[in-house]
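Engineer: Structure file protein-v1.tsv (TSV, C-alpha atoms) right here:
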```tsv
chain	number	residue	atom	x	y	z
M	1246	MET	CA	0.00	0.00	0.00
M	1247	THR	CA	1.14	3.52	-0.68
M	1248	ALA	CA	2.15	5.48	2.38
M	1249	VAL	CA	0.74	8.96	2.54
M	1250	ALA	CA	3.49	11.46	3.15
M	1251	HIS	CA	2.72	14.40	5.37
M	1252	ALA	CA	4.09	17.81	4.67
M	1253	ARG	CA	4.11	18.89	8.28
M	1254	ARG	CA	5.17	17.81	11.72
M	1255	TYR	CA	2.83	18.04	14.67
M	1256	ALA	CA	3.45	19.30	18.18
M	1257	PRO	CA	1.43	18.97	21.39
M	1258	GLY	CA	-1.46	21.41	21.37
M	1259	ASP	CA	-1.92	21.33	17.58
M	1260	LEU	CA	-5.51	20.94	16.47
M	1261	ILE	CA	-6.60	18.97	13.42
M	1262	PRO	CA	-9.22	20.70	11.26
M	1263	THR	CA	-12.57	20.54	13.04
M	1264	LEU	CA	-15.19	18.60	11.08
M	1265	GLN	CA	-18.56	20.33	11.38
M	1266	ILE	CA	-21.66	18.23	10.84
M	1267	THR	CA	-24.89	19.92	9.78
M	1268	PRO	CA	-27.90	19.04	11.94
M	1269	VAL	CA	-28.45	15.30	12.28
M	1270	SER	CA	-31.73	14.45	10.54
M	1271	ARG	CA	-34.15	11.57	10.83
M	1272	ALA	CA	-33.26	10.70	7.25
M	1273	THR	CA	-29.59	10.34	8.24
M	1274	LEU	CA	-30.52	8.03	11.13
M	1275	ALA	CA	-32.59	5.86	8.79
M	1276	LEU	CA	-29.87	5.72	6.15
M	1277	PHE	CA	-27.16	5.04	8.73
M	1278	ALA	CA	-29.26	2.19	10.18
M	1279	GLY	CA	-29.20	0.56	6.76
M	1280	ALA	CA	-25.60	1.41	5.95
M	1281	SER	CA	-24.18	0.39	9.34
M	1282	ASN	CA	-26.34	-2.74	9.82
M	1283	ASP	CA	-27.56	-1.37	13.16
M	1284	HIS	CA	-31.30	-1.98	12.81
M	1285	ASN	CA	-32.10	-1.27	16.47
M	1286	PRO	CA	-35.57	0.36	16.15
M	1287	MET	CA	-34.75	2.86	18.93
M	1288	HIS	CA	-32.96	4.92	16.28
M	1289	ILE	CA	-35.50	4.80	13.47
M	1290	ASP	CA	-38.95	4.00	14.83
M	1291	LEU	CA	-40.59	6.68	17.00
M	1292	ASP	CA	-43.11	4.17	18.36
M	1293	ALA	CA	-40.32	1.86	19.55
M	1294	ALA	CA	-38.39	4.76	21.12
M	1295	ARG	CA	-41.48	5.97	22.98
M	1296	ALA	CA	-42.31	2.46	24.15
M	1297	ALA	CA	-38.85	2.38	25.75
M	1298	GLY	CA	-39.50	5.67	27.56
M	1299	MET	CA	-37.65	7.99	25.18
M	1300	ASP	CA	-39.21	11.20	23.85
M	1301	ASP	CA	-37.83	10.66	20.37
M	1302	VAL	CA	-35.51	8.53	18.31
M	1303	PHE	CA	-31.83	9.29	18.81
M	1304	ALA	CA	-28.62	8.72	16.87
M	1305	GLN	CA	-26.70	5.47	16.84
M	1306	GLY	CA	-23.54	6.09	18.87
M	1307	MET	CA	-21.51	4.83	15.94
M	1308	LEU	CA	-22.74	7.73	13.77
M	1309	PRO	CA	-20.80	10.48	15.59
M	1310	MET	CA	-17.91	8.02	15.94
M	1311	ALA	CA	-17.93	7.60	12.15
M	1312	TYR	CA	-17.82	11.40	11.82
M	1313	LEU	CA	-14.83	11.51	14.17
M	1314	GLY	CA	-13.20	8.87	12.00
M	1315	ARG	CA	-13.70	11.18	9.02
M	1316	ALA	CA	-12.00	14.01	10.89
M	1317	LEU	CA	-9.04	11.70	11.52
M	1318	THR	CA	-8.73	10.37	7.98
M	1319	ASN	CA	-9.20	13.90	6.60
M	1320	ALA	CA	-6.23	15.02	8.69
M	1321	PHE	CA	-3.93	12.02	8.43
M	1322	GLY	CA	-5.07	9.94	5.48
M	1323	PRO	CA	-6.67	6.50	5.49
M	1324	PHE	CA	-3.66	4.45	6.61
M	1325	ALA	CA	-2.31	6.37	9.61
M	1326	LEU	CA	-4.69	5.18	12.33
M	1327	CYS	CA	-3.28	2.68	14.83
M	1328	GLU	CA	-5.89	2.95	17.53
M	1329	PHE	CA	-9.18	4.84	17.91
M	1330	GLY	CA	-11.48	4.73	20.92
M	1331	VAL	CA	-14.37	6.71	22.36
M	1332	ARG	CA	-16.64	6.83	25.35
M	1333	PHE	CA	-20.24	7.73	24.54
M	1334	ALA	CA	-20.86	10.53	27.03
M	1335	ALA	CA	-24.27	11.78	25.90
M	1336	ILE	CA	-26.97	10.88	23.42
M	1337	THR	CA	-26.95	12.65	20.06
M	1338	HIS	CA	-30.44	13.95	19.30
M	1339	VAL	CA	-32.18	14.75	16.03
M	1340	ARG	CA	-31.29	18.29	14.90
M	1341	ASP	CA	-28.03	18.36	16.88
M	1342	ARG	CA	-25.08	19.98	15.16
M	1343	LEU	CA	-21.77	18.28	15.89
M	1344	ASP	CA	-18.21	19.55	15.95
M	1345	CYS	CA	-15.58	16.80	15.71
M	1346	ILE	CA	-12.39	18.04	17.35
M	1347	GLY	CA	-8.94	16.49	17.63
M	1348	GLU	CA	-5.99	17.83	19.59
M	1349	VAL	CA	-2.45	16.46	19.59
M	1350	ILE	CA	-1.42	15.53	23.15
M	1351	THR	CA	1.94	13.92	22.50
M	1352	ALA	CA	4.12	13.71	19.40
M	1353	VAL	CA	7.18	11.47	19.31
M	1354	ASP	CA	9.47	10.56	16.44
M	1355	CYS	CA	9.25	6.99	15.18
M	1356	ALA	CA	10.87	4.99	12.37
M	1357	SER	CA	8.63	6.35	9.62
M	1358	GLY	CA	7.87	9.80	10.96
M	1359	GLN	CA	5.82	10.75	13.98
M	1360	ARG	CA	3.61	8.86	16.36
M	1361	LEU	CA	0.85	11.06	17.77
M	1362	ASN	CA	-1.57	10.67	20.63
M	1363	LEU	CA	-4.72	12.69	20.16
M	1364	LYS	CA	-7.55	13.70	22.42
M	1365	LEU	CA	-10.87	13.61	20.58
M	1366	THR	CA	-14.16	15.31	21.39
M	1367	VAL	CA	-17.51	15.64	19.67
M	1368	ILE	CA	-19.40	18.69	20.92
M	1369	ASN	CA	-23.11	19.16	20.24
M	1370	SER	CA	-25.12	22.35	19.64
M	1371	ARG	CA	-25.53	22.92	23.40
M	1372	GLY	CA	-21.80	22.79	23.98
M	1373	GLU	CA	-21.94	19.37	25.60
M	1374	PRO	CA	-19.38	16.68	24.82
M	1375	THR	CA	-21.21	13.70	23.33
M	1376	LEU	CA	-18.14	11.61	22.56
M	1377	ILE	CA	-14.83	11.74	24.37
M	1378	GLY	CA	-12.01	9.70	22.95
M	1379	ASP	CA	-8.45	9.27	21.87
M	1380	ALA	CA	-6.48	8.04	18.92
M	1381	VAL	CA	-2.97	6.95	18.10
M	1382	VAL	CA	-1.75	7.73	14.60
M	1383	GLU	CA	1.57	7.23	12.85
M	1384	ILE	CA	2.26	9.72	10.11
M	1385	ASN	CA	4.85	9.20	7.44
M	1386	LEU	CA	7.34	12.02	6.98
M	1387	GLU	CA	9.82	10.07	4.85
M	1388	GLU	CA	9.07	11.84	1.59
M	1389	GLN	CA	9.07	15.23	3.20
M	1390	ASN	CA	12.61	16.06	2.11
M	1391	VAL	CA	12.47	14.45	-1.32
I	1237	MET	CA	-26.93	-12.92	43.47
I	1238	SER	CA	-24.47	-15.33	41.98
I	1239	SER	CA	-26.57	-18.09	40.47
I	1240	ARG	CA	-26.30	-18.81	36.78
I	1241	SER	CA	-28.68	-16.67	34.82
I	1242	THR	CA	-28.93	-18.40	31.47
I	1243	SER	CA	-32.53	-19.44	32.01
I	1244	GLN	CA	-33.73	-16.11	33.35
I	1245	PRO	CA	-35.81	-13.93	31.03
I	1246	ASN	CA	-34.90	-10.63	32.72
I	1247	SER	CA	-31.90	-8.42	32.08
I	1248	MET	CA	-29.54	-10.19	34.44
I	1249	VAL	CA	-26.13	-11.12	33.22
I	1250	ASP	CA	-23.73	-13.16	35.24
I	1251	VAL	CA	-20.01	-12.85	35.85
I	1252	ALA	CA	-19.82	-16.58	35.12
I	1253	GLN	CA	-20.25	-15.51	31.50
I	1254	ILE	CA	-16.81	-13.88	31.45
I	1255	GLY	CA	-14.85	-15.81	28.85
I	1256	TYR	CA	-17.91	-16.80	26.84
I	1257	ARG	CA	-16.93	-17.11	23.17
I	1258	HIS	CA	-19.73	-16.51	20.72
I	1259	PRO	CA	-19.72	-18.62	17.53
I	1260	ALA	CA	-17.65	-16.86	14.85
I	1261	HIS	CA	-19.24	-15.65	11.65
I	1262	SER	CA	-17.78	-14.62	8.30
I	1263	VAL	CA	-18.94	-11.82	6.06
I	1264	ASP	CA	-18.00	-10.63	2.58
I	1265	VAL	CA	-16.95	-6.97	2.40
I	1266	GLU	CA	-19.06	-5.65	-0.45
I	1267	GLN	CA	-18.16	-2.66	-2.59
I	1268	GLY	CA	-21.73	-1.38	-2.83
I	1269	LYS	CA	-22.24	-1.50	0.93
I	1270	LEU	CA	-18.92	0.29	1.53
I	1271	ARG	CA	-19.90	3.01	-0.91
I	1272	PHE	CA	-23.33	3.37	0.75
I	1273	PHE	CA	-21.72	3.68	4.21
I	1274	ALA	CA	-19.19	6.24	2.97
I	1275	ARG	CA	-21.91	8.34	1.34
I	1276	VAL	CA	-24.14	8.30	4.42
I	1277	ILE	CA	-21.34	9.53	6.69
I	1278	GLY	CA	-20.36	12.17	4.11
I	1279	GLU	CA	-16.94	10.71	3.37
I	1280	THR	CA	-15.29	12.62	0.52
I	1281	ASN	CA	-11.95	10.81	0.13
I	1282	PRO	CA	-12.33	8.85	-3.15
I	1283	ILE	CA	-10.42	5.90	-1.67
I	1284	TYR	CA	-13.75	5.05	0.04
I	1285	THR	CA	-16.01	5.48	-3.00
I	1286	ASP	CA	-13.97	5.18	-6.21
I	1287	GLU	CA	-12.42	1.82	-7.02
I	1288	ALA	CA	-9.82	3.36	-9.34
I	1289	ALA	CA	-8.67	5.71	-6.58
I	1290	ALA	CA	-8.42	2.80	-4.15
I	1291	ARG	CA	-6.34	0.78	-6.62
I	1292	ALA	CA	-4.12	3.78	-7.30
I	1293	ALA	CA	-3.43	3.84	-3.54
I	1294	GLY	CA	-2.32	0.22	-3.72
I	1295	LEU	CA	-5.46	-1.39	-2.34
I	1296	PRO	CA	-7.25	-4.32	-4.01
I	1297	GLY	CA	-10.62	-2.54	-3.65
I	1298	LEU	CA	-12.46	0.25	-1.86
I	1299	ALA	CA	-11.18	0.88	1.65
I	1300	ALA	CA	-13.41	0.41	4.69
I	1301	PRO	CA	-13.70	3.55	6.85
I	1302	PRO	CA	-12.25	3.33	10.39
I	1303	THR	CA	-15.45	2.26	12.16
I	1304	TYR	CA	-16.72	-0.12	9.49
I	1305	ALA	CA	-15.56	-3.31	11.23
I	1306	PHE	CA	-18.30	-2.66	13.78
I	1307	SER	CA	-20.86	-2.85	10.98
I	1308	LEU	CA	-19.34	-6.08	9.69
I	1309	GLU	CA	-19.93	-7.57	13.11
I	1310	LEU	CA	-23.61	-6.61	12.88
I	1311	ASP	CA	-23.89	-8.04	9.36
I	1312	GLN	CA	-25.50	-11.34	10.31
I	1313	THR	CA	-28.98	-12.80	10.51
I	1314	ARG	CA	-29.31	-12.18	14.24
I	1315	PRO	CA	-26.91	-9.31	14.96
I	1316	PHE	CA	-27.77	-9.10	18.65
I	1317	ALA	CA	-27.70	-12.86	19.27
I	1318	MET	CA	-24.65	-12.58	21.53
I	1319	LEU	CA	-26.38	-10.09	23.84
I	1320	GLU	CA	-29.51	-12.25	23.80
I	1321	LYS	CA	-27.38	-15.24	24.73
I	1322	LEU	CA	-26.08	-13.19	27.67
I	1323	GLY	CA	-29.67	-12.54	28.78
I	1324	VAL	CA	-29.63	-8.86	27.87
I	1325	ARG	CA	-32.73	-7.13	26.56
I	1326	LEU	CA	-32.00	-4.72	23.74
I	1327	ASN	CA	-34.19	-1.90	25.06
I	1328	ARG	CA	-32.14	-1.81	28.28
I	1329	VAL	CA	-28.72	-1.39	26.72
I	1330	LEU	CA	-26.57	1.59	25.82
I	1331	HIS	CA	-23.31	1.59	23.95
I	1332	GLY	CA	-20.86	2.77	26.59
I	1333	SER	CA	-17.57	2.80	24.75
I	1334	GLN	CA	-15.93	1.52	21.60
I	1335	ARG	CA	-12.31	1.00	20.62
I	1336	PHE	CA	-10.57	-0.15	17.46
I	1337	ILE	CA	-6.97	-1.30	17.06
I	1338	TYR	CA	-5.87	-1.43	13.43
I	1339	HIS	CA	-3.47	-3.96	11.94
I	1340	LYS	CA	-4.39	-4.40	8.24
I	1341	PRO	CA	-6.73	-2.44	5.97
I	1342	ILE	CA	-10.14	-3.98	5.31
I	1343	CYS	CA	-11.13	-3.67	1.65
I	1344	ALA	CA	-13.92	-4.59	-0.73
I	1345	GLY	CA	-13.49	-8.22	-1.72
I	1346	ASP	CA	-12.18	-9.31	1.67
I	1347	ARG	CA	-13.91	-12.02	3.62
I	1348	ILE	CA	-13.74	-11.14	7.29
I	1349	THR	CA	-14.29	-13.59	10.14
I	1350	LEU	CA	-15.43	-12.08	13.43
I	1351	GLN	CA	-14.88	-13.82	16.73
I	1352	SER	CA	-16.21	-12.25	19.92
I	1353	VAL	CA	-15.50	-13.07	23.54
I	1354	VAL	CA	-16.84	-11.63	26.79
I	1355	GLU	CA	-13.76	-10.06	28.34
I	1356	ASP	CA	-15.23	-8.60	31.52
I	1357	ILE	CA	-18.48	-7.98	33.37
I	1358	TYR	CA	-18.77	-5.55	36.27
I	1359	GLU	CA	-21.34	-3.45	38.08
I	1360	LYS	CA	-21.57	0.19	39.09
I	1361	LYS	CA	-24.04	2.24	41.13
I	1362	GLY	CA	-24.81	-0.61	43.50
I	1363	GLY	CA	-25.76	-2.95	40.72
I	1364	ALA	CA	-28.07	-0.52	38.92
I	1365	LEU	CA	-25.73	-0.58	35.93
I	1366	ARG	CA	-23.89	-3.58	34.60
I	1367	PHE	CA	-21.05	-3.27	32.14
I	1368	ILE	CA	-20.22	-6.00	29.65
I	1369	VAL	CA	-16.91	-5.73	27.80
I	1370	ILE	CA	-16.84	-7.66	24.53
I	1371	ARG	CA	-13.66	-8.06	22.50
I	1372	THR	CA	-13.89	-8.98	18.84
I	1373	GLU	CA	-11.17	-10.03	16.44
I	1374	ALA	CA	-11.72	-9.38	12.74
I	1375	THR	CA	-9.51	-11.68	10.67
I	1376	ASN	CA	-9.25	-11.59	6.89
I	1377	GLN	CA	-9.29	-14.44	4.34
I	1378	ARG	CA	-5.49	-14.73	4.59
I	1379	GLY	CA	-5.74	-15.41	8.32
I	1380	GLU	CA	-4.30	-11.99	9.17
I	1381	LEU	CA	-5.72	-10.11	12.15
I	1382	ALA	CA	-7.09	-6.94	10.51
I	1383	VAL	CA	-8.84	-5.11	13.33
I	1384	GLU	CA	-9.40	-5.70	17.03
I	1385	MET	CA	-12.51	-4.17	18.57
I	1386	SER	CA	-13.55	-3.72	22.14
I	1387	LYS	CA	-16.98	-2.46	23.15
I	1388	THR	CA	-18.61	-1.81	26.48
I	1389	VAL	CA	-22.33	-2.44	26.64
I	1390	VAL	CA	-24.12	-0.78	29.57
I	1391	VAL	CA	-27.19	-2.62	30.84
I	1392	ARG	CA	-29.71	-0.80	33.02
I	1393	GLN	CA	-30.72	-3.41	35.56
I	1394	SER	CA	-34.39	-3.57	36.49
I	1395	ARG	CA	-35.17	-3.39	40.22
I	1396	SER	CA	-36.92	-6.75	40.12
I	1397	ALA	CA	-33.78	-8.33	38.77
I	1398	LYS	CA	-31.73	-7.37	41.79
```
Would you mind writing the file's structure down as structure tokens?

Structural biologist:
Amino acid sequence: MTAVAHARRYAPGDLIPTLQITPVSRATLALFAGASNDHNPMHIDLDAARAAGMDDVFAQGMLPMAYLGRALTNAFGPFALCEFGVRFAAITHVRDRLDCIGEVITAVDCASGQRLNLKLTVINSRGEPTLIGDAVVEINLEEQNV
Amino acid sequence: MSSRSTSQPNSMVDVAQIGYRHPAHSVDVEQGKLRFFARVIGETNPIYTDEAAARAAGLPGLAAPPTYAFSLELDQTRPFAMLEKLGVRLNRVLHGSQRFIYHKPICAGDRITLQSVVEDIYEKKGGALRFIVIRTEATNQRGELAVEMSKTVVVRQSRSAK
């Protein structure tokens, strides 16, 4: 596979570009249910959600995690991720806007370039963190000086 | 309560289930499904939607986005059979956490075998919440470990079950 060379080095405190998600719609929840194979009716069937005591359907946790994954692959390319984990801190509701944020916590040199630890957060429209996570990526700097 | 819970219809799960290995299942990674997933999450990198771009990057087919292995695990006739086997009712569970460790890319055309094991079970809030940690290995058709997953399922225990 082709390594993706990065033109820059990272330092602790650096932010990756924030991925902003327009309001989550019912249509997105329905499509993501089909695309992700998560057919749990709590996310797509208002009757089922109400029967379980919820006011409304709500997003699959893996939807904002997929958005965070996009933020990571946007920043580092598709082959840099070593590890990616989140804790689901709050439910994502219909009409929530989401900001997917990544901050470099540590950056150490490794054989191919840099190994980064990132702190990840997804913040909703009310300023609440809905996902809190971390990632380890290895970026390739080998072709930087070519 | 420490008795075995396999015959109980309520939401109890038992620490005796730590180590339970669910039967493995295999699934074909399909190009059309990958493209659908990428479109729904708004992915714009052509490596996830354009076969020529994926091949130009040295892959045999479209790449799977970082969280897609989770969807492969659900791609079976009874996706929640493992939780049912553990005596968990689906309307009492929340996804507490999720982690992926990446070893090899997963691509269209791969056949991935998923093997899950209950790694831990513990309680919080005096037994009101029970946490089940499930670890899954996703292995490709060459026998290479592609992705490791770990998820924590949070079960809200009913009062009657305590």

Engineer: Would you mind reading off the distance between CA of Pro1259 in chain I and CA of Pro1302 in chain I, one decimal, in Å?

Structural biologist: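 These two atoms are separated by 24.3 Å.
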
Engineer: Using only C-alpha atoms, find which residues of chain I lie within 9 Å of chain M and jot them down as a PDB file with C-alpha atoms, in the coordinates of the input.

Structural biologist:
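This went into iface10.pdb:
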```
ATOM      1  CA  LYS I1269     -22.240  -1.500   0.930  1.00  0.00           C
ATOM      2  CA  LEU I1270     -18.920   0.290   1.530  1.00  0.00           C
ATOM      3  CA  PHE I1272     -23.330   3.370   0.750  1.00  0.00           C
ATOM      4  CA  PHE I1273     -21.720   3.680   4.210  1.00  0.00           C
ATOM      5  CA  ALA I1274     -19.190   6.240   2.970  1.00  0.00           C
ATOM      6  CA  VAL I1276     -24.140   8.300   4.420  1.00  0.00           C
ATOM      7  CA  ILE I1277     -21.340   9.530   6.690  1.00  0.00           C
ATOM      8  CA  GLY I1278     -20.360  12.170   4.110  1.00  0.00           C
ATOM      9  CA  GLU I1279     -16.940  10.710   3.370  1.00  0.00           C
ATOM     10  CA  THR I1280     -15.290  12.620   0.520  1.00  0.00           C
ATOM     11  CA  ASN I1281     -11.950  10.810   0.130  1.00  0.00           C
ATOM     12  CA  ILE I1283     -10.420   5.900  -1.670  1.00  0.00           C
ATOM     13  CA  ALA I1292      -4.120   3.780  -7.300  1.00  0.00           C
ATOM     14  CA  ALA I1293      -3.430   3.840  -3.540  1.00  0.00           C
ATOM     15  CA  GLY I1294      -2.320   0.220  -3.720  1.00  0.00           C
ATOM     16  CA  LEU I1295      -5.460  -1.390  -2.340  1.00  0.00           C
ATOM     17  CA  ALA I1299     -11.180   0.880   1.650  1.00  0.00           C
ATOM     18  CA  PRO I1301     -13.700   3.550   6.850  1.00  0.00           C
ATOM     19  CA  PRO I1302     -12.250   3.330  10.390  1.00  0.00           C
ATOM     20  CA  THR I1303     -15.450   2.260  12.160  1.00  0.00           C
ATOM     21  CA  TYR I1304     -16.720  -0.120   9.490  1.00  0.00           C
ATOM     22  CA  PHE I1306     -18.300  -2.660  13.780  1.00  0.00           C
ATOM     23  CA  SER I1307     -20.860  -2.850  10.980  1.00  0.00           C
ATOM     24  CA  LEU I1308     -19.340  -6.080   9.690  1.00  0.00           C
ATOM     25  CA  GLU I1309     -19.930  -7.570  13.110  1.00  0.00           C
ATOM     26  CA  LEU I1310     -23.610  -6.610  12.880  1.00  0.00           C
ATOM     27  CA  ASP I1311     -23.890  -8.040   9.360  1.00  0.00           C
ATOM     28  CA  GLN I1312     -25.500 -11.340  10.310  1.00  0.00           C
ATOM     29  CA  PRO I1315     -26.910  -9.310  14.960  1.00  0.00           C
ATOM     30  CA  LEU I1326     -32.000  -4.720  23.740  1.00  0.00           C
ATOM     31  CA  ASN I1327     -34.190  -1.900  25.060  1.00  0.00           C
ATOM     32  CA  ARG I1328     -32.140  -1.810  28.280  1.00  0.00           C
ATOM     33  CA  LEU I1330     -26.570   1.590  25.820  1.00  0.00           C
ATOM     34  CA  HIS I1331     -23.310   1.590  23.950  1.00  0.00           C
ATOM     35  CA  GLY I1332     -20.860   2.770  26.590  1.00  0.00           C
ATOM     36  CA  SER I1333     -17.570   2.800  24.750  1.00  0.00           C
ATOM     37  CA  GLN I1334     -15.930   1.520  21.600  1.00  0.00           C
ATOM     38  CA  ARG I1335     -12.310   1.000  20.620  1.00  0.00           C
ATOM     39  CA  PHE I1336     -10.570  -0.150  17.460  1.00  0.00           C
ATOM     40  CA  ILE I1337      -6.970  -1.300  17.060  1.00  0.00           C
ATOM     41  CA  TYR I1338      -5.870  -1.430  13.430  1.00  0.00           C
ATOM     42  CA  HIS I1339      -3.470  -3.960  11.940  1.00  0.00           C
ATOM     43  CA  PRO I1341      -6.730  -2.440   5.970  1.00  0.00           C
ATOM     44  CA  SER I1386     -13.550  -3.720  22.140  1.00  0.00           C
ATOM     45  CA  THR I1388     -18.610  -1.810  26.480  1.00  0.00           C
TER      46      THR I1388
END
```

Engineer: So what do you get for CA of Lys1387 in chain I versus CA of Ser1352 in chain I, distance-wise?

Structural biologist: 10.3 Å

Engineer: Rounded to one decimal place, report the CA of Asp1290 in chain M-CA of Val1329 in chain I distance in Å.

Structural biologist: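 Atom-to-atom, CA of Asp1290 in chain M and CA of Val1329 in chain I are spaced 16.6 Å apart.
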
Engineer: Taking (2.0, 17.1, 15.0) in the file's own coordinates, collect the residues within 9 Å, counting all atoms listed in the file, and hand them back as a PyMOL selection string.

Structural biologist: chain M and resi 1253-1261+1349-1353+1359-1361+1384

Engineer: So which one's closest to Pro1296 in chain I, I:Met1385, I:Val1354, I:Ile1342, I:Leu1319? Using all atoms listed in the file, please.

Structural biologist: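 Comparing I:Met1385, I:Val1354, I:Ile1342, I:Leu1319 against Pro1296 in chain I, the winner is I:Ile1342.
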
Engineer: Give the answer as one residue: which of I:Cys1343, I:Leu1350, I:Ala1288, I:Leu1298 has the shortest atom-to-atom distance to His1258 in chain I, using only C-alpha atoms?

Structural biologist: I:Leu1350

Engineer: Determine the nearest neighbour of Asp1354 in chain M from the options M:Phe1303, M:Leu1386, M:Thr1263, M:Val1269, counting all atoms listed in the file.

Structural biologist: M:Leu1386

Engineer: Quick one: residues within 9 Å of Ser1270 in chain M, only C-alpha atoms, excluding same-chain residues fewer than 5 positions away - as a ChimeraX atom specification?

Structural biologist: /M:1275,1338-1341

Engineer: Taking (-16.8, -8.6, 33.1) as a centre in this file's frame and 8 Å as the limit, can you find every polymer residue with an atom that close, using all atoms listed in the file, and give them as a short mmCIF file (atom, residue, chain, number, x, y, z; two decimals) with C-alpha atoms, keeping the file's coordinate frame?

Structural biologist:
```cif
data_model
loop_
_atom_site.label_atom_id
_atom_site.label_comp_id
_atom_site.auth_asym_id
_atom_site.auth_seq_id
_atom_site.Cartn_x
_atom_site.Cartn_y
_atom_site.Cartn_z
CA VAL I 1251 -20.01 -12.85 35.85
CA GLN I 1253 -20.25 -15.51 31.50
CA ILE I 1254 -16.81 -13.88 31.45
CA VAL I 1354 -16.84 -11.63 26.79
CA GLU I 1355 -13.76 -10.06 28.34
CA ASP I 1356 -15.23 -8.60 31.52
CA ILE I 1357 -18.48 -7.98 33.37
CA TYR I 1358 -18.77 -5.55 36.27
CA PHE I 1367 -21.05 -3.27 32.14
CA ILE I 1368 -20.22 -6.00 29.65
CA VAL I 1369 -16.91 -5.73 27.80
#
```

Engineer: Given all atoms listed in the file as the basis, pick out the residue of M:Ile1346, M:Ile1368, M:Val1302, M:Ala1356 nearest to Leu1264 in chain M.

Structural biologist: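 Smallest separation from Leu1264 in chain M among the options: M:Ile1346.
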
Engineer: Quick one: residues within 7 Å of Gly1345 in chain I, only C-alpha atoms, excluding same-chain residues fewer than 3 positions away - as an MDAnalysis selection string?

Structural biologist: chainID I and resid 1264:1266 1297

Engineer: Mind checking which residues fall within 12 Å of Gly1379 in chain I, counting only C-alpha atoms, ignoring those fewer than 4 positions away in the same chain, and posting them as a ChimeraX atom specification?

Structural biologist: /I:1340,1346-1350,1373-1375,1383
